[in-house]
Amino acid sequence: MAKPVSIEVWNPNGKYRVISTKAMPGTRWIRLLTDQDCRVEICTSKKTILSVEDIQALIGEKCDGVIGQLTEDWGEALFSALARAGGKAFSNMAVGYNNVDVNAANKYGVAVGNTPGVLTETTAELAASLSLAASRRIVEADEFMRAGLYDGWLPHLFVGNLLKGQTVGVIGAGRIGSAYARMMIEGFKMNLIYYDLYQATRLEKFVTAYGEFLKANGEQPVTWKRAGSMEEVLREGDVISLHPILDKTTYHLINKDRLSIMKKEAILINCSRGPVVDEVALVEHLKENPMFRVGLDVFEDEPYMKPGLADMKNAIVVPHIASASKWTREGMATLAALNVLGKIKGYPFWSNPNNVEPFLNENSPPPAACPSIVNAKNLGLTASKL
Ligand SMILES: NC(=O)C1=CN([C@@H]2O[C@H](COP(=O)(O)OP(=O)(O)OC[C@H]3O[C@@H](n4cnc5c(N)ncnc54)[C@H](O)[C@@H]3O)[C@@H](O)[C@H]2O)C=CC1
Ligand SMILES: O=C(O)C(=O)CO
């Protein structure tokens, strides 16, 4: 058993014991819990990634719910420990929950929450930033400047790609993929090709309407196409951004063969999960194709990069910061806390996790519901009528 982990306590006499495995931005989430008779314990350990043993030690003998992080391994060991301690709820402070074994949670009757919606625009904005940075070689140019290498304007200096009129490819056109597509289409007048298991009807309607607007104003209209296969997107896209969930259907979705069918000067962006890309194959591809560029927010063996990646000038790498805006991170903390609180209080689950705004309004109390419980149906929970 690991040593006890250091904690900070809010409302020590609260009836329900709720643990957060990390300090989270803002204070609203703490207030929402303490106002409802929760004792909140926040882990203050300096370790970035807590082990299963650390979290078991935090859970202890009695625990009603836990707010955890995407870096933690929530499986059989933790859900059984939480259930033994009387716990009813766990929430990831993340929309992605590939770190959670939902079947194990179902087995122990623990509700699993996530935080959709509040990070859609923020994450899409980072994907758009990486797209621009890669197309205009901003990081390379910045390094060049700081190294004192600039000795005057030159016709060939850091020539990149114009986005206008090119094709943006989106794989996984859900909330974030669609928001990213809109930014690239509206901002840079790119044409869209996308691949998803489902039709992105709202996105299609948006592109059609925007195309008509451009035409009416004497400009070249933008177009959209739903691809019948992922390969079609990879062949046709100039900038391709990955936004699917990580599961067994998307693991190494970008591999050696698929990289080989992409355009030699294409840009690949990954703000989904690292294992969606075979990073070893990517490093080889970057070496062999110097005009091919990538922008990566996530990595296969986070926090590590595969050998060679850090040396590649045609790669831009940032440390999983796509959701890192203040508003989003505070909102994620709020949604995660309300998932746990709602389950402890026996509230129904919110029937539309695509619209979590009522929970984020600081000026009114949140609805009496759990904003997003991914296994609500498995646990037979009731949907909110609000
Ligand atoms: N880098 C970061 O900081 C962040 C990463 N994410 C990642 O982004 C993912 C997507 O988030 P949302 O857009 O909110 O989720 P979403 O559920 O709205 O979208 C995911 C889309 O992927 C599609 N999809 C699933 N399997 C597929 C397949 N095999 N091929 C093609 N498409 C497939 C789904 O149909 C869905 O439309 C999260 O699961 C998370 O892993 C999310 C937020 C921040
Ligand atoms: O919400 C997620 O899935 C993240 O990756 C956090 O930014």
# chains A, B, ... in the order shown; residues from 1 in each chain; ligands from 1
call {"tool": "residues_around", "arguments": {"residues": "Glu288 of chain A", "least_positions_apart": "2", "cutoff": "12 Å", "atoms": "only C-alpha atoms", "output": "list in words"}}
result
Lys256, Leu259, Ser260, Lys264, Glu265, Ala281, Leu282, Val283, Glu284, His285, Leu286, Pro290, Met291, Phe292, Arg293, Met312 and Asn314 of chain A
call {"tool": "residues_near_ligand", "arguments": {"ligand": "ligand 2", "cutoff": "10 Å", "atoms": "only C-alpha atoms and all ligand atoms", "output": "PyMOL selection string"}}
result
chain A and resi 69-71+92-99+114-120+122-123+245-246+271-273+297-298+320-325+328-329+332
call {"tool": "write_last_selection", "arguments": {"atoms": "C-alpha atoms", "output": "JSON list (two decimals), in the first residue's frame"}}
result
[["chain", "number", "residue", "atom", "x", "y", "z"],
["A", 69, "GLN", "CA", -7.92, 13.03, -14.15],
["A", 70, "LEU", "CA", -7.36, 11.56, -17.61],
["A", 71, "THR", "CA", -3.83, 10.50, -16.59],
["A", 92, "ASN", "CA", -13.15, 12.43, -15.12],
["A", 93, "MET", "CA", -12.24, 16.08, -15.47],
["A", 94, "ALA", "CA", -12.19, 15.51, -19.24],
["A", 95, "VAL", "CA", -14.55, 14.71, -22.06],
["A", 96, "GLY", "CA", -12.41, 11.76, -23.21],
["A", 97, "TYR", "CA", -12.65, 8.77, -20.91],
["A", 98, "ASN", "CA", -10.44, 6.16, -22.56],
["A", 99, "ASN", "CA", -8.60, 5.94, -19.20],
["A", 114, "ASN", "CA", -17.24, 13.34, -18.13],
["A", 115, "THR", "CA", -17.20, 16.99, -19.20],
["A", 116, "PRO", "CA", -18.45, 17.46, -22.78],
["A", 117, "GLY", "CA", -19.24, 20.74, -24.50],
["A", 118, "VAL", "CA", -17.36, 23.16, -22.27],
["A", 119, "LEU", "CA", -14.08, 22.40, -24.02],
["A", 120, "THR", "CA", -15.33, 22.21, -27.61],
["A", 122, "THR", "CA", -11.18, 25.91, -26.77],
["A", 123, "THR", "CA", -9.89, 22.60, -28.13],
["A", 245, "ILE", "CA", -12.64, 9.32, -29.53],
["A", 246, "LEU", "CA", -9.89, 6.81, -28.74],
["A", 271, "CYS", "CA", -5.67, 17.06, -30.66],
["A", 272, "SER", "CA", -7.57, 13.84, -29.91],
["A", 273, "ARG", "CA", -5.51, 11.14, -28.19],
["A", 297, "ASP", "CA", -1.05, 18.18, -28.72],
["A", 298, "VAL", "CA", -1.14, 14.52, -27.66],
["A", 320, "HIS", "CA", -1.73, 18.40, -24.13],
["A", 321, "ILE", "CA", -2.99, 21.96, -23.67],
["A", 322, "ALA", "CA", -5.87, 21.97, -26.15],
["A", 323, "SER", "CA", -8.51, 22.55, -23.45],
["A", 324, "ALA", "CA", -6.34, 24.98, -21.51],
["A", 325, "SER", "CA", -8.36, 28.20, -21.46],
["A", 328, "THR", "CA", -12.94, 25.93, -20.08],
["A", 329, "ARG", "CA", -10.80, 24.52, -17.30],
["A", 332, "MET", "CA", -14.59, 21.31, -16.64]]
call {"tool": "closest_residue", "arguments": {"among": "A:Leu338, A:Ile373, A:Val280, A:Val318", "to": "Pro353 of chain A", "atoms": "only C-alpha atoms"}}
result
A:Ile373
call {"tool": "closest_residue", "arguments": {"among": "A:Asn354, A:Asn339, A:Ser178, A:Thr48", "to": "Glu302 of chain A", "atoms": "only C-alpha atoms"}}
result
A:Thr48
call {"tool": "atom_distance", "arguments": {"atom1": "atom CA of Ile261 of chain A", "atom2": "atom 27 (C, counted along the ligand's line) of ligand 1"}}
result
19.6 Å
